[in-house]
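Peer 1: Following this line is final31.txt, made up of compact mmCIF, C-alpha atoms:
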# COMPACT_ATOMS: atom_id res chain seq x y z
CA MET M 6 13.21 30.17 -30.99
CA ALA M 7 9.86 30.68 -32.67
CA ALA M 8 9.19 34.23 -33.86
CA ARG M 9 7.35 36.20 -31.21
CA ASN M 10 3.99 37.71 -32.04
CA ILE M 11 4.23 41.48 -31.49
CA SER M 12 0.43 41.70 -31.35
CA ARG M 13 0.64 39.84 -28.02
CA PHE M 14 3.53 41.92 -26.66
CA TRP M 15 2.13 41.82 -23.10
CA GLU M 16 2.83 38.08 -22.92
CA TRP M 17 6.59 38.37 -23.48
CA GLY M 18 7.66 42.03 -23.50
CA ARG M 19 10.24 42.63 -20.78
CA LYS M 20 9.51 46.14 -19.53
CA ILE M 21 7.06 49.01 -19.35
CA ILE M 22 8.69 52.44 -19.31
CA CYS M 23 6.37 55.20 -18.14
CA VAL M 24 6.62 58.94 -18.63
CA GLY M 25 5.23 61.11 -15.83
CA ARG M 26 3.92 64.67 -16.12
CA ASN M 27 4.00 64.78 -19.92
CA TYR M 28 0.89 66.98 -20.14
CA ALA M 29 1.25 70.42 -18.55
CA ASP M 30 -2.36 70.55 -17.30
CA HIS M 31 -1.94 67.19 -15.53
CA ALA M 32 1.29 68.35 -13.87
CA LYS M 33 -0.57 71.45 -12.65
CA GLU M 34 -3.59 69.52 -11.33
CA LEU M 35 -1.22 67.50 -9.10
CA LYS M 36 0.67 70.71 -8.17
CA ASN M 37 3.87 69.49 -9.80
CA ALA M 38 6.35 71.64 -11.69
CA ILE M 39 6.22 71.28 -15.48
CA PRO M 40 9.27 69.16 -16.34
CA THR M 41 12.12 70.33 -18.55
CA GLU M 42 13.10 66.73 -19.31
CA PRO M 43 11.04 63.52 -19.18
CA VAL M 44 10.22 62.02 -15.77
CA LEU M 45 10.63 58.23 -16.06
CA PHE M 46 9.53 55.28 -13.93
CA LEU M 47 9.03 51.57 -14.60
CA LYS M 48 6.33 48.95 -14.27
CA PRO M 49 7.10 45.21 -14.44
CA PRO M 50 5.37 43.00 -17.03
CA SER M 51 3.31 41.52 -14.17
CA ALA M 52 1.44 44.87 -14.14
CA TYR M 53 -0.35 43.98 -17.39
CA VAL M 54 -4.05 43.15 -17.24
CA ARG M 55 -6.38 42.48 -20.15
CA GLU M 56 -10.10 43.01 -20.69
CA GLY M 57 -12.13 40.35 -18.93
CA SER M 58 -9.97 40.50 -15.81
CA PRO M 59 -10.50 43.16 -13.12
CA ILE M 60 -8.32 46.02 -11.98
CA LEU M 61 -7.52 45.20 -8.36
CA VAL M 62 -7.19 47.96 -5.77
CA PRO M 63 -4.02 47.22 -3.75
CA LEU M 64 -4.71 46.31 -0.13
CA TYR M 65 -2.55 49.22 1.06
CA SER M 66 -4.34 51.95 -0.94
CA SER M 67 -7.59 53.82 -0.41
CA ASN M 68 -7.14 56.31 -3.27
CA LEU M 69 -6.63 54.54 -6.61
CA HIS M 70 -6.59 56.87 -9.64
CA HIS M 71 -7.04 56.24 -13.37
CA GLU M 72 -4.68 57.73 -15.95
CA VAL M 73 -5.47 57.08 -19.63
CA GLU M 74 -2.45 56.99 -21.94
CA LEU M 75 -1.22 56.22 -25.43
CA GLY M 76 1.19 53.27 -25.29
CA VAL M 77 3.95 52.86 -27.88
CA VAL M 78 4.97 49.27 -28.68
CA ILE M 79 8.61 48.86 -29.68
CA GLY M 80 9.18 46.58 -32.66
CA LYS M 81 12.93 47.01 -33.14
CA GLY M 82 15.36 47.44 -30.27
CA GLY M 83 18.09 50.01 -30.04
CA THR M 84 20.33 52.20 -27.91
CA ALA M 85 20.85 55.96 -28.39
CA ILE M 86 18.26 56.04 -31.19
CA PRO M 87 18.26 59.39 -33.01
CA GLN M 88 14.92 61.22 -33.09
CA SER M 89 15.03 61.18 -36.90
CA ALA M 90 14.97 57.35 -36.89
CA ALA M 91 12.78 56.83 -33.82
CA MET M 92 9.57 55.94 -35.63
CA GLU M 93 11.33 53.07 -37.45
CA HIS M 94 11.51 51.36 -34.04
CA VAL M 95 7.72 51.53 -33.47
CA ALA M 96 5.67 48.40 -34.27
CA GLY M 97 2.35 49.87 -33.19
CA TYR M 98 0.40 51.21 -30.26
CA ALA M 99 -1.96 50.29 -27.43
CA LEU M 100 -4.44 52.14 -25.29
CA CYS M 101 -3.29 51.85 -21.69
CA LEU M 102 -4.23 52.87 -18.19
CA ASP M 103 -1.58 53.80 -15.64
CA MET M 104 -3.41 52.92 -12.42
CA THR M 105 -1.85 54.86 -9.56
CA ALA M 106 -2.21 54.48 -5.79
CA ARG M 107 -2.24 58.24 -5.30
CA ASP M 108 -2.18 58.14 -1.50
CA ILE M 109 0.95 55.97 -1.60
CA GLN M 110 2.53 58.13 -4.29
CA ASP M 111 1.95 61.28 -2.20
CA GLU M 112 3.44 59.57 0.84
CA CYS M 113 6.49 58.43 -1.16
CA LYS M 114 6.98 61.90 -2.63
CA SER M 115 6.80 63.53 0.82
CA LYS M 116 9.51 61.15 2.07
CA GLY M 117 11.65 61.39 -1.06
CA LEU M 118 11.12 57.68 -1.75
CA PRO M 119 10.58 55.86 -5.08
CA TRP M 120 7.02 55.46 -6.38
CA THR M 121 7.22 51.70 -6.97
CA LEU M 122 4.37 50.64 -4.65
CA ALA M 123 2.17 53.39 -6.12
CA LYS M 124 2.72 52.42 -9.74
CA ALA M 125 4.01 48.86 -10.20
CA PHE M 126 1.47 46.62 -8.45
CA ASN M 127 -0.36 43.76 -10.21
CA THR M 128 -3.08 45.02 -12.63
CA SER M 129 -1.64 48.56 -12.64
CA CYS M 130 -1.32 48.50 -16.46
CA PRO M 131 -4.61 47.64 -18.21
CA VAL M 132 -3.91 47.36 -21.93
CA SER M 133 -6.01 47.15 -25.10
CA ASP M 134 -5.49 44.97 -28.13
CA PHE M 135 -2.42 45.82 -30.21
CA ILE M 136 -3.03 48.69 -32.65
CA PRO M 137 -1.04 48.35 -35.90
CA LYS M 138 1.11 51.36 -36.74
CA ASP M 139 -0.93 52.28 -39.84
CA ARG M 140 -4.08 52.76 -37.72
CA ILE M 141 -2.42 55.77 -36.05
CA PRO M 142 -0.64 57.69 -38.80
CA ASP M 143 0.29 60.55 -36.44
CA PRO M 144 0.96 59.66 -32.77
CA GLY M 145 1.14 63.42 -32.10
CA ASN M 146 -2.58 63.81 -32.85
CA VAL M 147 -4.42 61.06 -30.96
CA LYS M 148 -7.61 61.81 -29.01
CA LEU M 149 -7.94 59.91 -25.72
CA TRP M 150 -10.95 59.65 -23.42
CA LEU M 151 -11.92 57.85 -20.22
CA LYS M 152 -15.28 57.40 -18.48
CA VAL M 153 -16.08 56.05 -15.02
CA ASN M 154 -19.61 54.61 -14.81
CA ASP M 155 -20.48 56.43 -18.06
CA GLN M 156 -19.32 59.80 -16.67
CA LEU M 157 -16.62 61.43 -18.80
CA ARG M 158 -13.54 62.08 -16.64
CA GLN M 159 -10.62 62.50 -19.01
CA THR M 160 -10.29 63.82 -22.55
CA GLY M 161 -7.13 64.98 -24.19
CA CYS M 162 -5.03 64.90 -27.31
CA THR M 163 -1.43 63.79 -27.64
CA SER M 164 -0.79 67.14 -29.37
CA GLN M 165 -0.78 68.50 -25.78
CA MET M 166 2.21 66.33 -24.79
CA ILE M 167 5.30 68.21 -23.68
CA PHE M 168 7.64 65.59 -25.18
CA SER M 169 6.74 63.89 -28.48
CA VAL M 170 6.88 60.16 -29.18
CA PRO M 171 10.10 60.40 -31.28
CA TYR M 172 11.73 62.54 -28.58
CA LEU M 173 10.76 60.07 -25.84
CA ILE M 174 12.09 57.07 -27.79
CA SER M 175 15.39 58.87 -28.38
CA TYR M 176 15.67 60.15 -24.80
CA ILE M 177 14.81 56.84 -23.11
CA SER M 178 17.12 54.83 -25.36
CA GLU M 179 20.09 57.00 -24.33
CA PHE M 180 19.89 55.45 -20.83
CA ILE M 181 17.76 52.33 -21.15
CA SER M 182 18.18 50.18 -24.26
CA LEU M 183 14.82 49.53 -25.87
CA GLU M 184 13.95 45.95 -26.79
CA GLU M 185 11.34 44.39 -29.03
CA GLY M 186 8.06 44.09 -27.11
CA ASP M 187 8.77 46.96 -24.70
CA LEU M 188 5.93 49.39 -24.04
CA ILE M 189 6.33 53.12 -23.47
CA LEU M 190 3.47 54.88 -21.66
CA THR M 191 3.50 58.48 -22.85
CA GLY M 192 1.70 60.28 -20.00
CA THR M 193 -1.87 61.25 -19.18
CA PRO M 194 -3.99 64.35 -19.81
CA LYS M 195 -5.72 66.16 -16.94
CA GLY M 196 -8.85 64.86 -15.23
CA VAL M 197 -7.43 61.99 -13.17
CA SER M 198 -9.65 60.96 -10.28
CA ALA M 199 -10.30 58.16 -7.81
CA VAL M 200 -12.09 54.92 -8.61
CA GLN M 201 -13.97 52.68 -6.17
CA GLU M 202 -14.72 49.00 -5.96
CA HIS M 203 -17.39 47.97 -8.54
CA ASP M 204 -16.72 51.03 -10.75
CA GLU M 205 -16.70 50.40 -14.49
CA LEU M 206 -13.99 52.10 -16.53
CA GLN M 207 -14.32 52.67 -20.25
CA ALA M 208 -11.49 54.20 -22.21
CA GLY M 209 -10.81 54.82 -25.86
CA ILE M 210 -8.79 56.30 -28.65
CA GLU M 211 -11.29 58.12 -30.84
CA ASP M 212 -12.16 56.12 -33.99
CA VAL M 213 -9.55 53.43 -33.19
CA VAL M 214 -10.16 51.34 -30.06
CA ALA M 215 -12.12 51.15 -26.81
CA MET M 216 -11.88 48.94 -23.74
CA ASN M 217 -13.76 48.23 -20.50
CA PHE M 218 -12.54 47.22 -17.06
CA LYS M 219 -14.21 46.65 -13.70
CA VAL M 220 -12.56 47.66 -10.43
CA GLU M 221 -12.47 45.11 -7.60
CA ARG M 222 -10.75 44.85 -4.24
CA HIS M 223 -8.30 42.08 -3.39
Represent the supplied structure as structure tokens.

Peer 2:
Amino acid sequence: MAARNISRFWEWGRKIICVGRNYADHAKELKNAIPTEPVLFLKPPSAYVREGSPILVPLYSSNLHHEVELGVVIGKGGTAIPQSAAMEHVAGYALCLDMTARDIQDECKSKGLPWTLAKAFNTSCPVSDFIPKDRIPDPGNVKLWLKVNDQLRQTGCTSQMIFSVPYLISYISEFISLEEGDLILTGTPKGVSAVQEHDELQAGIEDVVAMNFKVERH
């Protein structure tokens, strides 16, 4: 098999592992308890969408929210990876959005059901170009921002994360083996809010990358 190009991980990576409620202020804004261990959920690779294609509001949702996140791209697989070796498994990073059908998520939570329809729909994971590891020397000090129609909605720093990148890699790999090309979404800072059809979303990692997406309805 030809060597796979990690800088196009979204074309062949097999899973997206997401961490919920990893910023205390975001947990509070949604009236959730601050977790004592990571809250995990999955998106399929069909959730990926790249600049130039729109974010599509699912037909069943009328309250789609943006969540800006640092994504960690796995370059070397492993199971039960120790925290001390976790960063050796990182190939690089990506700026990501975890688009969430909040009305569906609230309904699922109230019924004790999984969040799949709220989180895993097509275009629910907008992703930037691959960011080589050396562009982000410290994943624990990354400044994220997001604007909707030029209005600043989210700003935060990964220093505010409850669980660090090495901890998350170690924790996840205890239960779910990590594979080359996998993406870990590390959680979102506070300031999530609804987007409407025709809105323009701009997001960035300060001094590293920025991206733009338009919201459309199916």

Peer 1: I need the residue nearest Glu42 in chain M from this list: M:Gly161, M:Gly18, M:Gly25, M:Pro142. Use all atoms listed in the file for the distance.

Peer 2: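 Using all atoms listed in the file, Glu42 in chain M sits closest to M:Gly25.
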
Peer 1: Select, from M:Glu16, M:Asp155, M:Asp134, M:Asp212, the residue with the minimum atom-to-atom distance to Gly76 in chain M, counting all atoms listed in the file.

Peer 2: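 Of M:Glu16, M:Asp155, M:Asp134, M:Asp212, the one nearest Gly76 in chain M is M:Asp134, counting all atoms listed in the file.
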
Peer 1: Between M:Asp103, M:Glu72, M:Asp111, M:Glu221, which one has atoms that come closest to Pro194 in chain M, using only C-alpha atoms?

Peer 2: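 Going through M:Asp103, M:Glu72, M:Asp111, M:Glu221 one by one, the smallest distance to Pro194 in chain M is for M:Glu72.
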
Peer 1: Quick one: residues within 8 Å of Thr84 in chain M, all atoms listed in the file, excluding same-chain residues fewer than 5 positions away - as a PyMOL selection string?

Peer 2: chain M and resi 178-183

Peer 1: Skip Phe126 in chain M itself and residues of its chain fewer than 6 positions away, then list as a list in words all residues within 9 Å of it, counting all atoms listed in the file.

Peer 2: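 These residues fall inside the cut-off: Lys48, Pro49, Ser51, Ala52, Pro63, Met104 and Thr105 of chain M.
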
Peer 1: Would you compute the box with edges along x, y and z of the file around range 177-195 of chain M, including every atom the file lists for it and 5 Å extra on each side, and give its centre and edge lengths in Å to one decimal, as AutoDock Vina command-line options?

Peer 2:
--center_x 7.2 --center_y 55.1 --center_z -23.0 --size_x 35.8 --size_y 32.1 --size_z 22.1

Peer 1: Between M:Glu211, M:Asp139, M:Glu74, M:Glu56, which one has atoms that come closest to Gly97 in chain M, using all atoms listed in the file?

Peer 2: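 Smallest distance to Gly97 in chain M is found for M:Asp139.
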
Peer 1: Counting all atoms listed in the file, which of M:Arg19, M:His71, M:Arg107, M:Lys219 gets nearest to Pro50 in chain M?

Peer 2: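 Looking only at the distances to Pro50 in chain M, the closest residue turns out to be M:Arg19.
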
Peer 1: Which residues are near Thr160 in chain M? Cut-off 8 Å, only C-alpha atoms, ignore same chain within fewer than 4 positions. Put them as a list in words.

Peer 2: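 In the requested form, the answer reads Lys148, Leu149, Trp150, Leu151, Pro194, Lys195 and Gly196 of chain M.
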
Peer 1: So that I can see what lies close to Thr191 in chain M, please list as a PyMOL selection string the residues with an atom at most 7 Å from it, counting all atoms listed in the file and leaving out residues fewer than 2 positions away in the same chain.

Peer 2: chain M and resi 23-24+27+74-76+189

Peer 1: Considering all atoms listed in the file, state which residue in the set M:Val220, M:Val132, M:Ile79, M:Val200 is at the smallest distance from Pro171 in chain M.

Peer 2: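 Closest to Pro171 in chain M, using all atoms listed in the file: M:Ile79.
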
Peer 1: Quick one: distance from CA of His94 in chain M to CA of Gln159 in chain M in Å, one decimal?

Peer 2: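 Pair CA of His94 in chain M / CA of Gln159 in chain M returns 29.0 Å.
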
Peer 1: Take CA of Val62 in chain M and CA of Gly209 in chain M and report the distance between them in Å, one decimal.

Peer 2: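 Computing it gives 21.5 Å between the two atoms.
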
Peer 1: Any idea what the distance is between CA of Ile86 in chain M and CA of Tyr172 in chain M?

Peer 2: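 We find that CA of Ile86 in chain M and CA of Tyr172 in chain M lie 9.6 Å from each other.
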
Peer 1: Take range 41-55 of chain M, bring it up to N, CA and C atoms, and give me the output as a PDB file, keeping the file's coordinate frame.

Peer 2:
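For reference, out-v5.pdb as written:
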ATOM      1  N   THR M  41      11.290  69.888 -17.432  1.00  0.00           N
ATOM      2  CA  THR M  41      12.120  70.330 -18.550  1.00  0.00           C
ATOM      3  C   THR M  41      12.772  69.135 -19.250  1.00  0.00           C
ATOM      4  N   GLU M  42      12.719  67.975 -18.625  1.00  0.00           N
ATOM      5  CA  GLU M  42      13.100  66.730 -19.310  1.00  0.00           C
ATOM      6  C   GLU M  42      12.163  65.636 -18.804  1.00  0.00           C
ATOM      7  N   PRO M  43      12.025  64.532 -19.561  1.00  0.00           N
ATOM      8  CA  PRO M  43      11.040  63.520 -19.180  1.00  0.00           C
ATOM      9  C   PRO M  43      11.300  62.930 -17.788  1.00  0.00           C
ATOM     10  N   VAL M  44      10.189  62.703 -17.069  1.00  0.00           N
ATOM     11  CA  VAL M  44      10.220  62.020 -15.770  1.00  0.00           C
ATOM     12  C   VAL M  44       9.900  60.559 -16.053  1.00  0.00           C
ATOM     13  N   LEU M  45      10.807  59.646 -15.707  1.00  0.00           N
ATOM     14  CA  LEU M  45      10.630  58.230 -16.060  1.00  0.00           C
ATOM     15  C   LEU M  45      10.451  57.364 -14.820  1.00  0.00           C
ATOM     16  N   PHE M  46       9.623  56.343 -14.939  1.00  0.00           N
ATOM     17  CA  PHE M  46       9.530  55.280 -13.930  1.00  0.00           C
ATOM     18  C   PHE M  46       9.160  53.994 -14.667  1.00  0.00           C
ATOM     19  N   LEU M  47       9.241  52.882 -13.970  1.00  0.00           N
ATOM     20  CA  LEU M  47       9.030  51.570 -14.600  1.00  0.00           C
ATOM     21  C   LEU M  47       7.875  50.817 -13.969  1.00  0.00           C
ATOM     22  N   LYS M  48       7.245  49.972 -14.771  1.00  0.00           N
ATOM     23  CA  LYS M  48       6.330  48.950 -14.270  1.00  0.00           C
ATOM     24  C   LYS M  48       6.867  47.602 -14.750  1.00  0.00           C
ATOM     25  N   PRO M  49       6.691  46.538 -13.962  1.00  0.00           N
ATOM     26  CA  PRO M  49       7.100  45.210 -14.440  1.00  0.00           C
ATOM     27  C   PRO M  49       6.021  44.631 -15.353  1.00  0.00           C
ATOM     28  N   PRO M  50       6.379  43.628 -16.155  1.00  0.00           N
ATOM     29  CA  PRO M  50       5.370  43.000 -17.030  1.00  0.00           C
ATOM     30  C   PRO M  50       4.206  42.392 -16.257  1.00  0.00           C
ATOM     31  N   SER M  51       4.410  42.064 -14.982  1.00  0.00           N
ATOM     32  CA  SER M  51       3.310  41.520 -14.170  1.00  0.00           C
ATOM     33  C   SER M  51       2.217  42.558 -13.904  1.00  0.00           C
ATOM     34  N   ALA M  52       2.467  43.819 -14.279  1.00  0.00           N
ATOM     35  CA  ALA M  52       1.440  44.870 -14.140  1.00  0.00           C
ATOM     36  C   ALA M  52       0.349  44.756 -15.198  1.00  0.00           C
ATOM     37  N   TYR M  53       0.628  44.059 -16.301  1.00  0.00           N
ATOM     38  CA  TYR M  53      -0.350  43.980 -17.390  1.00  0.00           C
ATOM     39  C   TYR M  53      -1.638  43.296 -16.937  1.00  0.00           C
ATOM     40  N   VAL M  54      -2.769  43.832 -17.406  1.00  0.00           N
ATOM     41  CA  VAL M  54      -4.050  43.150 -17.240  1.00  0.00           C
ATOM     42  C   VAL M  54      -4.872  43.412 -18.499  1.00  0.00           C
ATOM     43  N   ARG M  55      -5.622  42.394 -18.914  1.00  0.00           N
ATOM     44  CA  ARG M  55      -6.380  42.480 -20.150  1.00  0.00           C
ATOM     45  C   ARG M  55      -7.873  42.497 -19.860  1.00  0.00           C
TER      46      ARG M  55
END
